[in-house]
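S.K.: Pasting in a structure now, in structure tokens, and then I'll have a few things to ask.
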Amino acid sequence: MEGEADVVVGSCSKPCGPLEEYLIPDYILKPDVQQVIVDHAPRCPVVVFINSRSGGQLGSSLIKTYRELLNEAQVFDLSEEAPDKVLHRLYVNLERLKMEGDILAVQIWRTLRLIVAGGDGTASWLLGVVSDLKLSHPPPVATVPLGTGNNLPFSFGWGKKNPSTDQEAVKSFLGLVKHAKEIKIDSWHIILRMRVPKEGPCDPIAPLELPHSLHAFHRVSSDDSLNMEGYHTFRGGFWNYFSMGMDAEVSYAFHSERKRNPEKFKNQLTNQGTYAKLGLKQGWFCASLSQPSSRNLAQLAKVKVMKRPGSHWEELQIHHSIRSIVCLNLPSFSGGLNPWGMPGTRRAADREFTAPFVDDGLIEVVGFRDAWHGLVLLAPNGHGTRIAQAHRIRFEFHKGAADHTFMRVDGEPWKQPLPTDDDTVVVEISHLGQVAMLANEPCRSQSVNDPSLLSPAHDSHGDDKEDTAEEDEDEFEDGRRKFGAADTFKLPDEIDIAHLS
């Protein structure tokens with residue numbers, strides 16, 4: 001079949017040019033289009049999804065450029081058409097054509113790659129759709145950084161700065177996509193369940209109808225196996241992180257402000273500056289003074305983990321000063337920082353931990369006390385408070401001093417009401433399969449199956465050398481550690497304080 005692909009049936013909406021190796025003929029994308037003969041099958045067929053509302057005006061400009069270089073029918077504006085409808089239509093058509101013996105359809109089915117341009121929430125939206133379709137041969141995904149944090153693109157070597165949108169820049173990116181390697185990453189399933197309240201709402205509250213937050217997190221149907229009578233159950237998925245506490249609260253305020261005043265959020269630098277101001281305004285740089293102890297995680301919830309499949313649930317003892325917790329799948333958070341770091345072997349507490357592999361079925365759980373604690377990530381081998389690595393994690397919220405908290409999944413925040421009576425709100429995260437990403441060099445994400453990680457030189461990345469300088473847990477209490485005391489510590493010029501939400 002491979003050798004028969006030189007002459008195939010198809011049609012193209014514009015003359016074949018230098019980018020013909022990426023073009024998909026119309027009849028593959030549109031079932032009602034007449035077939036015609038073309039000379040060659042594309043070597044790297046792509047379908048492109050772009051959030052025109054991301055990156056200020058960059059999203060719209062990028063759509064225009066891609067449509068100039070490719071078949072317009074293979075470039076989609078996510079504000080006009082959802083990716084689940086696009087991919088469902090495409091794969092139904094591909095299966096029909098394959099059954100009819102269409103060679104080009106087989107080639108495209110085998111080699112198709114997806115490109116998504118937007119923020120982390122947009123990228124996660126597409127990953128969720130690919131997972132939900134349960135395809136026998138799911139296409140790998142490349143991400144274009146058009147958001148503020150851009151953790152997903154950064155984790156796989158696509159950078160974190162918003163890209164140029166001219167034709168040469170897009171051609172260069174397509175070339176990288178063609179040669180990118182595939183890497184599997186873990187998918188994580190999240191369930192939130194609460195009893196139907198006697199009065200008042202209990203639904204997760206999005207910041208002024210944030211576009212995609214409720215795609216990742218939505219109410220299950222009455223016939224879903226997870227549904228329980230008398231309870232509201234929500235389910236979703238994530239690929240980068242779930243977080244709760246101060247960072248999610250700042251993110252919620254940022255998204256709300258951007259929704260109210262979109263004209264003020266036209267570029268990445270402005271967005272980062274606004275993020276920093278909101279963090280300062282809400283007092284997270286002096287949380288021990290400005291935030292009540294009822295906001296500490298230990299006061300809000302019991303946390304339990306299942307460290308390996310089939311093992312028992314264990315309750316974690318969370319330090320009373322922890323105000324934010326992150327369940328991390330990828331080595332990038334808040335614009336490229338790595339909260340987990342590389343555990344060493346000198347400290348007894350770290351010996352049970354491994355490097356943060358993206359395909360090992362484990363999620364890293366990290367805690368922070370305030371925004372100043374986050375600054376330790378800028379130091380060599382810096383990291384947050386490592387709490388656990390787990391296959392499953394469960395948060396149980398009981399009636400307490402706080403009536404709500406803030407949560408965030410892959411950049412999409414919401415305000416979560418908490419129990420006001422004797423009931424319990426449960427959030428449970430569990431491993432659920434894998435998806436394929438496209439990785440460019442340098443790729444920060446590491447596979448547990450990568451043979452290069454077995455070399456002795458890899459051990460030098462651990463933080464053993466810094467362990468002797470680490471202070472005891474109590475010295476961090478109430479955010480009193482004095483950063484900048486060492487001559488070697490200073491903020492790099494390229495680091496913006498907005499990344500430390």
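Please note that chains go A, B, ... in the order of the structure tokens, that every chain numbers its residues from 1, and that ligands are numbered from 1 in the order shown.
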Excluding same-chain residues fewer than 6 positions from A:Ile28, what lies within 10 Å of it counting only C-alpha atoms, as a ChimeraX atom specification?

M.R.: /A:10-12,35,73-74,89-91,93-94,97,104-105,108

S.K.: Excluding same-chain residues fewer than 2 positions from A:Val116, what lies within 8 Å of it counting only C-alpha atoms, as a list of chain:residue names?

M.R.: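 Here the answer would be A:Val48, A:Phe49, A:Ile50, A:Leu114, A:Gly118, A:Thr122, A:Ala123, A:Leu126, A:Val141, A:Ala142, A:Thr143, A:Val144.
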
S.K.: With C-alpha atoms retained, export the selected residues as a PDB file, in the first residue's frame.

M.R.:
ATOM      1  CA  VAL A  48      -4.927  23.279  12.533  1.00  0.00           C
ATOM      2  CA  PHE A  49      -7.073  24.619  15.403  1.00  0.00           C
ATOM      3  CA  ILE A  50      -6.592  28.239  16.450  1.00  0.00           C
ATOM      4  CA  LEU A 114      -2.803  18.179  14.839  1.00  0.00           C
ATOM      5  CA  GLY A 118      -3.996  29.089  22.094  1.00  0.00           C
ATOM      6  CA  THR A 122      -7.296  25.639  24.641  1.00  0.00           C
ATOM      7  CA  ALA A 123      -4.636  22.949  24.229  1.00  0.00           C
ATOM      8  CA  LEU A 126      -8.268  19.607  22.183  1.00  0.00           C
ATOM      9  CA  VAL A 141      -0.645  17.143  18.944  1.00  0.00           C
ATOM     10  CA  ALA A 142       1.740  20.102  18.593  1.00  0.00           C
ATOM     11  CA  THR A 143       1.030  23.266  20.594  1.00  0.00           C
ATOM     12  CA  VAL A 144       1.578  26.905  19.580  1.00  0.00           C
TER      13      VAL A 144
END

S.K.: Per DSSP on the backbone, filter stretch 38-110 of chain A down to the residues in alpha helix (DSSP H) and report them as a ChimeraX atom specification.

M.R.: /A:58-69,83-99,103-110

S.K.: I want to know what sits within 8 Å of A:Ala180, based on only C-alpha atoms, with residues of the same chain fewer than 6 positions away left out; could you give that as JSON, numbers by chain?

M.R.: {"A": [438, 439, 440]}

S.K.: From a DSSP pass on the backbone, collect the residues of stretch 388-442 of chain A flagged as strand (DSSP E) and hand them back as a PyMOL selection string.

M.R.: chain A and resi 388-390+392-397+404-409+412-417+425-439

S.K.: For the residues selected in the previous step, produce a file with N, CA and C atoms as a tab-separated table (two decimals), in the first residue's frame.

M.R.:
chain	number	residue	atom	x	y	z
A	388	ALA	N	4.04	14.38	47.83
A	388	ALA	CA	3.81	12.98	47.47
A	388	ALA	C	3.92	12.79	45.97
A	389	GLN	N	4.11	11.55	45.55
A	389	GLN	CA	3.88	11.09	44.18
A	389	GLN	C	2.81	10.02	44.28
A	390	ALA	N	1.79	10.11	43.44
A	390	ALA	CA	0.65	9.22	43.64
A	390	ALA	C	0.01	8.83	42.33
A	392	ARG	N	-3.31	8.04	42.53
A	392	ARG	CA	-4.61	8.67	42.76
A	392	ARG	C	-4.49	9.60	43.96
A	393	ILE	N	-5.28	10.66	43.97
A	393	ILE	CA	-5.28	11.58	45.10
A	393	ILE	C	-6.71	12.04	45.34
A	394	ARG	N	-7.05	12.21	46.61
A	394	ARG	CA	-8.44	12.51	46.99
A	394	ARG	C	-8.46	13.65	48.02
A	395	PHE	N	-9.26	14.69	47.75
A	395	PHE	CA	-9.46	15.80	48.67
A	395	PHE	C	-10.88	15.72	49.23
A	396	GLU	N	-11.00	15.75	50.55
A	396	GLU	CA	-12.31	15.72	51.21
A	396	GLU	C	-12.51	17.02	51.97
A	397	PHE	N	-13.47	17.83	51.53
A	397	PHE	CA	-13.75	19.12	52.14
A	397	PHE	C	-14.96	19.00	53.06
A	404	HIS	N	-15.83	28.80	50.49
A	404	HIS	CA	-15.43	28.53	49.11
A	404	HIS	C	-13.91	28.45	49.03
A	405	THR	N	-13.43	27.91	47.95
A	405	THR	CA	-12.02	27.96	47.61
A	405	THR	C	-11.91	28.14	46.11
A	406	PHE	N	-10.68	28.22	45.59
A	406	PHE	CA	-10.47	28.40	44.16
A	406	PHE	C	-9.66	27.22	43.64
A	407	MET	N	-10.05	26.74	42.46
A	407	MET	CA	-9.37	25.61	41.83
A	407	MET	C	-9.04	25.96	40.39
A	408	ARG	N	-8.09	25.21	39.83
A	408	ARG	CA	-7.66	25.50	38.47
A	408	ARG	C	-7.21	24.21	37.79
A	409	VAL	N	-7.63	24.01	36.55
A	409	VAL	CA	-7.21	22.87	35.74
A	409	VAL	C	-6.60	23.39	34.45
A	412	GLU	N	-7.34	26.94	33.57
A	412	GLU	CA	-8.74	27.36	33.60
A	412	GLU	C	-9.25	27.33	35.05
A	413	PRO	N	-9.45	28.50	35.67
A	413	PRO	CA	-9.83	28.54	37.10
A	413	PRO	C	-11.34	28.60	37.31
A	414	TRP	N	-11.77	28.23	38.50
A	414	TRP	CA	-13.15	28.44	38.91
A	414	TRP	C	-13.21	28.59	40.42
A	415	LYS	N	-14.33	29.16	40.87
A	415	LYS	CA	-14.59	29.33	42.29
A	415	LYS	C	-15.48	28.18	42.75
A	416	GLN	N	-15.02	27.44	43.75
A	416	GLN	CA	-15.73	26.24	44.18
A	416	GLN	C	-16.39	26.45	45.55
A	417	PRO	N	-17.73	26.47	45.61
A	417	PRO	CA	-18.41	26.52	46.91
A	417	PRO	C	-18.08	25.29	47.75
A	425	VAL	N	-17.64	17.66	50.32
A	425	VAL	CA	-17.34	17.81	48.89
A	425	VAL	C	-16.06	17.02	48.62
A	426	VAL	N	-16.09	16.18	47.61
A	426	VAL	CA	-14.96	15.32	47.29
A	426	VAL	C	-14.42	15.65	45.90
A	427	VAL	N	-13.11	15.80	45.82
A	427	VAL	CA	-12.41	15.91	44.54
A	427	VAL	C	-11.43	14.75	44.47
A	428	GLU	N	-11.56	13.93	43.43
A	428	GLU	CA	-10.67	12.78	43.29
A	428	GLU	C	-10.02	12.78	41.91
A	429	ILE	N	-8.71	12.57	41.89
A	429	ILE	CA	-7.93	12.56	40.66
A	429	ILE	C	-7.33	11.18	40.48
A	430	SER	N	-7.48	10.62	39.28
A	430	SER	CA	-6.95	9.29	39.02
A	430	SER	C	-6.37	9.22	37.61
A	431	HIS	N	-5.44	8.28	37.42
A	431	HIS	CA	-4.80	8.10	36.12
A	431	HIS	C	-5.80	7.49	35.14
A	432	LEU	N	-5.81	8.01	33.90
A	432	LEU	CA	-6.74	7.51	32.89
A	432	LEU	C	-6.09	7.53	31.52
A	433	GLY	N	-5.22	6.57	31.24
A	433	GLY	CA	-4.65	6.43	29.91
A	433	GLY	C	-3.60	7.46	29.58
A	434	GLN	N	-3.32	7.60	28.27
A	434	GLN	CA	-2.30	8.51	27.78
A	434	GLN	C	-2.74	9.14	26.46
A	435	VAL	N	-2.11	10.27	26.14
A	435	VAL	CA	-2.28	10.90	24.83
A	435	VAL	C	-0.90	11.13	24.24
A	436	ALA	N	-0.86	11.36	22.91
A	436	ALA	CA	0.41	11.56	22.22
A	436	ALA	C	0.63	13.03	21.94
A	437	MET	N	1.80	13.54	22.34
A	437	MET	CA	2.19	14.90	22.04
A	437	MET	C	3.34	14.89	21.04
A	438	LEU	N	3.53	16.01	20.36
A	438	LEU	CA	4.69	16.19	19.49
A	438	LEU	C	5.70	17.05	20.23
A	439	ALA	N	6.95	16.60	20.25
A	439	ALA	CA	8.00	17.27	21.01
A	439	ALA	C	9.09	17.79	20.09

S.K.: At what distance in Å, to one decimal, does atom CA of A:Ile191 lie from atom CA of A:Pro343?

M.R.: 29.4 Å

S.K.: Quick one: pull the distance between atom CA of A:Pro442 and atom CA of A:Gly59, Å, one decimal.

M.R.: 24.8 Å

S.K.: I want to know what sits within 9 Å of A:Leu362, based on only C-alpha atoms, with residues of the same chain fewer than 2 positions away left out; could you give that as a PDB file with all heavy atoms, in the first residue's frame?

M.R.:
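Here's the written file out.pdb:
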ATOM      1  N   ASP A 186       0.755  11.054  30.387  1.00  0.00           N
ATOM      2  CA  ASP A 186      -0.374  10.558  31.162  1.00  0.00           C
ATOM      3  C   ASP A 186      -1.558  11.514  31.080  1.00  0.00           C
ATOM      4  O   ASP A 186      -1.395  12.737  31.049  1.00  0.00           O
ATOM      5  CB  ASP A 186       0.025  10.385  32.634  1.00  0.00           C
ATOM      6  CG  ASP A 186       1.058   9.289  32.833  1.00  0.00           C
ATOM      7  OD1 ASP A 186       0.961   8.265  32.131  1.00  0.00           O
ATOM      8  OD2 ASP A 186       1.952   9.468  33.683  1.00  0.00           O
ATOM      9  N   LYS A 307      -0.576   5.517  46.391  1.00  0.00           N
ATOM     10  CA  LYS A 307       0.722   5.731  45.770  1.00  0.00           C
ATOM     11  C   LYS A 307       0.955   4.862  44.538  1.00  0.00           C
ATOM     12  O   LYS A 307       1.656   5.268  43.606  1.00  0.00           O
ATOM     13  CB  LYS A 307       1.830   5.498  46.795  1.00  0.00           C
ATOM     14  CG  LYS A 307       1.835   6.546  47.915  1.00  0.00           C
ATOM     15  CD  LYS A 307       3.006   6.373  48.850  1.00  0.00           C
ATOM     16  CE  LYS A 307       3.016   7.477  49.908  1.00  0.00           C
ATOM     17  NZ  LYS A 307       4.146   7.334  50.859  1.00  0.00           N
ATOM     18  N   ARG A 308       0.414   3.653  44.529  1.00  0.00           N
ATOM     19  CA  ARG A 308       0.575   2.751  43.392  1.00  0.00           C
ATOM     20  C   ARG A 308      -0.769   2.087  43.107  1.00  0.00           C
ATOM     21  O   ARG A 308      -1.613   1.969  43.993  1.00  0.00           O
ATOM     22  CB  ARG A 308       1.634   1.674  43.678  1.00  0.00           C
ATOM     23  CG  ARG A 308       3.051   2.200  43.837  1.00  0.00           C
ATOM     24  CD  ARG A 308       3.592   2.753  42.512  1.00  0.00           C
ATOM     25  NE  ARG A 308       4.999   3.126  42.602  1.00  0.00           N
ATOM     26  CZ  ARG A 308       5.440   4.292  43.007  1.00  0.00           C
ATOM     27  NH1 ARG A 308       4.575   5.210  43.402  1.00  0.00           N
ATOM     28  NH2 ARG A 308       6.737   4.554  43.020  1.00  0.00           N
ATOM     29  N   ASN A 329       1.601  17.156  36.404  1.00  0.00           N
ATOM     30  CA  ASN A 329       1.918  16.069  35.481  1.00  0.00           C
ATOM     31  C   ASN A 329       3.128  16.389  34.618  1.00  0.00           C
ATOM     32  O   ASN A 329       3.882  15.495  34.248  1.00  0.00           O
ATOM     33  CB  ASN A 329       0.714  15.775  34.578  1.00  0.00           C
ATOM     34  CG  ASN A 329       0.901  14.533  33.729  1.00  0.00           C
ATOM     35  OD1 ASN A 329       1.395  13.512  34.200  1.00  0.00           O
ATOM     36  ND2 ASN A 329       0.502  14.602  32.478  1.00  0.00           N
ATOM     37  N   PRO A 356      10.265  13.682  37.747  1.00  0.00           N
ATOM     38  CA  PRO A 356       8.878  13.862  37.302  1.00  0.00           C
ATOM     39  C   PRO A 356       8.655  13.385  35.870  1.00  0.00           C
ATOM     40  O   PRO A 356       8.506  14.180  34.940  1.00  0.00           O
ATOM     41  CB  PRO A 356       8.673  15.370  37.421  1.00  0.00           C
ATOM     42  CG  PRO A 356      10.028  15.945  37.162  1.00  0.00           C
ATOM     43  CD  PRO A 356      11.008  14.959  37.738  1.00  0.00           C
ATOM     44  N   PHE A 357       8.645  12.082  35.644  1.00  0.00           N
ATOM     45  CA  PHE A 357       8.399  11.542  34.313  1.00  0.00           C
ATOM     46  C   PHE A 357       6.943  11.783  33.917  1.00  0.00           C
ATOM     47  O   PHE A 357       6.038  11.721  34.754  1.00  0.00           O
ATOM     48  CB  PHE A 357       8.713  10.046  34.279  1.00  0.00           C
ATOM     49  CG  PHE A 357      10.138   9.723  34.619  1.00  0.00           C
ATOM     50  CD1 PHE A 357      10.450   8.992  35.753  1.00  0.00           C
ATOM     51  CD2 PHE A 357      11.175  10.164  33.812  1.00  0.00           C
ATOM     52  CE1 PHE A 357      11.766   8.699  36.076  1.00  0.00           C
ATOM     53  CE2 PHE A 357      12.490   9.883  34.127  1.00  0.00           C
ATOM     54  CZ  PHE A 357      12.791   9.146  35.253  1.00  0.00           C
ATOM     55  N   VAL A 358       6.724  12.020  32.627  1.00  0.00           N
ATOM     56  CA  VAL A 358       5.380  12.385  32.166  1.00  0.00           C
ATOM     57  C   VAL A 358       4.540  11.174  31.782  1.00  0.00           C
ATOM     58  O   VAL A 358       3.361  11.319  31.434  1.00  0.00           O
ATOM     59  CB  VAL A 358       5.458  13.357  30.964  1.00  0.00           C
ATOM     60  CG1 VAL A 358       6.158  14.640  31.369  1.00  0.00           C
ATOM     61  CG2 VAL A 358       6.147  12.705  29.774  1.00  0.00           C
ATOM     62  N   ASP A 359       5.117   9.971  31.836  1.00  0.00           N
ATOM     63  CA  ASP A 359       4.391   8.782  31.392  1.00  0.00           C
ATOM     64  C   ASP A 359       4.538   7.619  32.368  1.00  0.00           C
ATOM     65  O   ASP A 359       4.448   6.453  31.977  1.00  0.00           O
ATOM     66  CB  ASP A 359       4.882   8.351  30.007  1.00  0.00           C
ATOM     67  CG  ASP A 359       6.387   8.099  29.963  1.00  0.00           C
ATOM     68  OD1 ASP A 359       7.081   8.405  30.960  1.00  0.00           O
ATOM     69  OD2 ASP A 359       6.878   7.594  28.929  1.00  0.00           O
ATOM     70  N   ASP A 360       4.762   7.923  33.659  1.00  0.00           N
ATOM     71  CA  ASP A 360       4.987   6.864  34.651  1.00  0.00           C
ATOM     72  C   ASP A 360       3.746   6.529  35.473  1.00  0.00           C
ATOM     73  O   ASP A 360       3.802   5.729  36.402  1.00  0.00           O
ATOM     74  CB  ASP A 360       6.137   7.246  35.588  1.00  0.00           C
ATOM     75  CG  ASP A 360       5.881   8.541  36.358  1.00  0.00           C
ATOM     76  OD1 ASP A 360       4.830   9.172  36.099  1.00  0.00           O
ATOM     77  OD2 ASP A 360       6.723   8.923  37.179  1.00  0.00           O
ATOM     78  N   GLU A 364       2.836  14.359  40.590  1.00  0.00           N
ATOM     79  CA  GLU A 364       3.620  14.970  41.661  1.00  0.00           C
ATOM     80  C   GLU A 364       2.755  15.982  42.423  1.00  0.00           C
ATOM     81  O   GLU A 364       2.080  16.810  41.801  1.00  0.00           O
ATOM     82  CB  GLU A 364       4.855  15.670  41.094  1.00  0.00           C
ATOM     83  CG  GLU A 364       5.977  14.733  40.700  1.00  0.00           C
ATOM     84  CD  GLU A 364       5.664  13.869  39.495  1.00  0.00           C
ATOM     85  OE1 GLU A 364       5.124  14.409  38.508  1.00  0.00           O
ATOM     86  OE2 GLU A 364       5.932  12.649  39.536  1.00  0.00           O
ATOM     87  N   GLN A 389       4.109  11.551  45.555  1.00  0.00           N
ATOM     88  CA  GLN A 389       3.880  11.094  44.185  1.00  0.00           C
ATOM     89  C   GLN A 389       2.814  10.019  44.279  1.00  0.00           C
ATOM     90  O   GLN A 389       2.908   9.118  45.118  1.00  0.00           O
ATOM     91  CB  GLN A 389       5.152  10.522  43.555  1.00  0.00           C
ATOM     92  CG  GLN A 389       6.132  11.594  43.099  1.00  0.00           C
ATOM     93  CD  GLN A 389       7.394  10.996  42.503  1.00  0.00           C
ATOM     94  OE1 GLN A 389       8.060  10.194  43.164  1.00  0.00           O
ATOM     95  NE2 GLN A 389       7.730  11.380  41.284  1.00  0.00           N
ATOM     96  N   ALA A 390       1.795  10.106  43.444  1.00  0.00           N
ATOM     97  CA  ALA A 390       0.654   9.215  43.638  1.00  0.00           C
ATOM     98  C   ALA A 390       0.005   8.828  42.329  1.00  0.00           C
ATOM     99  O   ALA A 390       0.077   9.552  41.318  1.00  0.00           O
ATOM    100  CB  ALA A 390      -0.382   9.890  44.546  1.00  0.00           C
ATOM    101  N   HIS A 391      -0.646   7.671  42.349  1.00  0.00           N
ATOM    102  CA  HIS A 391      -1.442   7.195  41.225  1.00  0.00           C
ATOM    103  C   HIS A 391      -2.860   7.754  41.302  1.00  0.00           C
ATOM    104  O   HIS A 391      -3.528   7.914  40.293  1.00  0.00           O
ATOM    105  CB  HIS A 391      -1.476   5.659  41.248  1.00  0.00           C
ATOM    106  CG  HIS A 391      -2.109   5.043  40.044  1.00  0.00           C
ATOM    107  ND1 HIS A 391      -1.515   5.077  38.800  1.00  0.00           N
ATOM    108  CD2 HIS A 391      -3.283   4.371  39.881  1.00  0.00           C
ATOM    109  CE1 HIS A 391      -2.289   4.449  37.926  1.00  0.00           C
ATOM    110  NE2 HIS A 391      -3.368   4.025  38.559  1.00  0.00           N
ATOM    111  N   ARG A 392      -3.311   8.039  42.530  1.00  0.00           N
ATOM    112  CA  ARG A 392      -4.608   8.666  42.757  1.00  0.00           C
ATOM    113  C   ARG A 392      -4.486   9.598  43.956  1.00  0.00           C
ATOM    114  O   ARG A 392      -3.675   9.366  44.849  1.00  0.00           O
ATOM    115  CB  ARG A 392      -5.701   7.626  43.029  1.00  0.00           C
ATOM    116  CG  ARG A 392      -5.959   6.675  41.892  1.00  0.00           C
ATOM    117  CD  ARG A 392      -6.942   5.581  42.269  1.00  0.00           C
ATOM    118  NE  ARG A 392      -8.302   6.089  42.441  1.00  0.00           N
ATOM    119  CZ  ARG A 392      -9.345   5.310  42.734  1.00  0.00           C
ATOM    120  NH1 ARG A 392      -9.169   4.008  42.910  1.00  0.00           N
ATOM    121  NH2 ARG A 392     -10.546   5.842  42.864  1.00  0.00           N
ATOM    122  N   HIS A 431      -5.436   8.281  37.419  1.00  0.00           N
ATOM    123  CA  HIS A 431      -4.802   8.096  36.122  1.00  0.00           C
ATOM    124  C   HIS A 431      -5.797   7.485  35.136  1.00  0.00           C
ATOM    125  O   HIS A 431      -6.556   6.588  35.475  1.00  0.00           O
ATOM    126  CB  HIS A 431      -3.589   7.172  36.277  1.00  0.00           C
ATOM    127  CG  HIS A 431      -2.802   6.997  35.016  1.00  0.00           C
ATOM    128  ND1 HIS A 431      -2.938   5.894  34.200  1.00  0.00           N
ATOM    129  CD2 HIS A 431      -1.876   7.790  34.431  1.00  0.00           C
ATOM    130  CE1 HIS A 431      -2.118   6.007  33.171  1.00  0.00           C
ATOM    131  NE2 HIS A 431      -1.466   7.147  33.285  1.00  0.00           N
TER     132      HIS A 431
END

S.K.: May I ask for the distance between atom CA of A:Gly411 and atom CA of A:Ser136, given in Å to one decimal place?

M.R.: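 According to the coordinates, atom CA of A:Gly411 and atom CA of A:Ser136 are separated by 28.9 Å.
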
S.K.: For A:Ala117, which residue among A:Pro140, A:Ser131, A:Ile63, A:Met99 is the nearest when counting only C-alpha atoms?

M.R.: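 The shortest atom-to-atom distance to A:Ala117 comes from A:Ile63.
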
S.K.: Determine the nearest neighbour of A:Gly245 from the options A:His88, A:Lys399, A:Cys327, A:Gly128, counting only C-alpha atoms.

M.R.: A:Cys327

S.K.: Show which residues sit within 6 Å of stretch 148-165 of chain A, as JSON, numbers by chain. Count only C-alpha atoms, and ignore same-chain residues fewer than 4 positions away.

M.R.: {"A": [62, 119, 120, 143, 169, 268, 332, 333, 334, 335, 336, 439, 440, 441, 442, 443, 444, 445]}

S.K.: At a cut-off of 9 Å, using only C-alpha atoms, what residues contact A:Val46? Leave out same-chain residues fewer than 6 positions from it and give the result as a list in words.

M.R.: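 Near neighbours after the sequence-gap exclusion: Tyr22, Leu23, Ile24, Gln74, Val75, Ile108, Thr111, Leu112, Arg113, Leu114, Ile115 and Leu174 of chain A.
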
S.K.: Okay, now the selection with N, CA, C and O atoms, as a PDB file, in the first residue's frame?

M.R.:
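The resulting file, again34.pdb, is shown below:
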ATOM      1  N   TYR A  22       1.869  19.314   3.364  1.00  0.00           N
ATOM      2  CA  TYR A  22       0.999  19.478   4.526  1.00  0.00           C
ATOM      3  C   TYR A  22      -0.487  19.540   4.148  1.00  0.00           C
ATOM      4  O   TYR A  22      -1.345  19.480   5.025  1.00  0.00           O
ATOM      5  N   LEU A  23      -0.772  19.679   2.871  1.00  0.00           N
ATOM      6  CA  LEU A  23      -2.140  19.930   2.418  1.00  0.00           C
ATOM      7  C   LEU A  23      -3.010  18.676   2.473  1.00  0.00           C
ATOM      8  O   LEU A  23      -2.576  17.586   2.097  1.00  0.00           O
ATOM      9  N   ILE A  24      -4.245  18.854   2.895  1.00  0.00           N
ATOM     10  CA  ILE A  24      -5.248  17.787   2.877  1.00  0.00           C
ATOM     11  C   ILE A  24      -6.304  18.151   1.839  1.00  0.00           C
ATOM     12  O   ILE A  24      -6.884  19.233   1.899  1.00  0.00           O
ATOM     13  N   GLN A  74      -8.734  23.152   6.167  1.00  0.00           N
ATOM     14  CA  GLN A  74      -8.050  22.385   7.207  1.00  0.00           C
ATOM     15  C   GLN A  74      -7.575  23.271   8.349  1.00  0.00           C
ATOM     16  O   GLN A  74      -6.836  22.820   9.232  1.00  0.00           O
ATOM     17  N   VAL A  75      -8.007  24.533   8.356  1.00  0.00           N
ATOM     18  CA  VAL A  75      -7.660  25.487   9.413  1.00  0.00           C
ATOM     19  C   VAL A  75      -8.952  25.971  10.068  1.00  0.00           C
ATOM     20  O   VAL A  75      -9.822  26.541   9.401  1.00  0.00           O
ATOM     21  N   ILE A 108      -3.426   9.451   5.080  1.00  0.00           N
ATOM     22  CA  ILE A 108      -3.686  10.592   5.965  1.00  0.00           C
ATOM     23  C   ILE A 108      -4.071  10.101   7.357  1.00  0.00           C
ATOM     24  O   ILE A 108      -3.624  10.660   8.370  1.00  0.00           O
ATOM     25  N   THR A 111      -0.767   9.236   9.111  1.00  0.00           N
ATOM     26  CA  THR A 111       0.281  10.246   9.331  1.00  0.00           C
ATOM     27  C   THR A 111      -0.241  11.588   9.818  1.00  0.00           C
ATOM     28  O   THR A 111       0.543  12.519  10.002  1.00  0.00           O
ATOM     29  N   LEU A 112      -1.552  11.719  10.050  1.00  0.00           N
ATOM     30  CA  LEU A 112      -2.137  13.005  10.433  1.00  0.00           C
ATOM     31  C   LEU A 112      -1.543  13.519  11.741  1.00  0.00           C
ATOM     32  O   LEU A 112      -1.336  12.765  12.696  1.00  0.00           O
ATOM     33  N   ARG A 113      -1.275  14.827  11.770  1.00  0.00           N
ATOM     34  CA  ARG A 113      -0.827  15.510  12.981  1.00  0.00           C
ATOM     35  C   ARG A 113      -1.720  16.724  13.207  1.00  0.00           C
ATOM     36  O   ARG A 113      -2.181  17.356  12.255  1.00  0.00           O
ATOM     37  N   LEU A 114      -1.964  17.037  14.482  1.00  0.00           N
ATOM     38  CA  LEU A 114      -2.803  18.179  14.839  1.00  0.00           C
ATOM     39  C   LEU A 114      -1.947  19.306  15.392  1.00  0.00           C
ATOM     40  O   LEU A 114      -0.958  19.063  16.087  1.00  0.00           O
ATOM     41  N   ILE A 115      -2.343  20.529  15.078  1.00  0.00           N
ATOM     42  CA  ILE A 115      -1.701  21.732  15.624  1.00  0.00           C
ATOM     43  C   ILE A 115      -2.783  22.527  16.339  1.00  0.00           C
ATOM     44  O   ILE A 115      -3.861  22.755  15.784  1.00  0.00           O
ATOM     45  N   LEU A 174       5.880  24.694  10.730  1.00  0.00           N
ATOM     46  CA  LEU A 174       5.400  23.477  10.078  1.00  0.00           C
ATOM     47  C   LEU A 174       6.545  22.495   9.834  1.00  0.00           C
ATOM     48  O   LEU A 174       6.384  21.276   9.978  1.00  0.00           O
TER      49      LEU A 174
END

S.K.: Given the choices A:Asp166, A:Asp450, A:Trp125, A:Glu80, which gets closest to A:Ser61 if the distance is worked out from only C-alpha atoms?

M.R.: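 For A:Ser61, the nearest of the given residues is A:Asp166.
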
S.K.: For A:Ile325, which residue among A:Leu133, A:Ile387, A:Leu300, A:Met244 is the nearest when counting only C-alpha atoms?

M.R.: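 Comparing A:Leu133, A:Ile387, A:Leu300, A:Met244 against A:Ile325, the winner is A:Met244.
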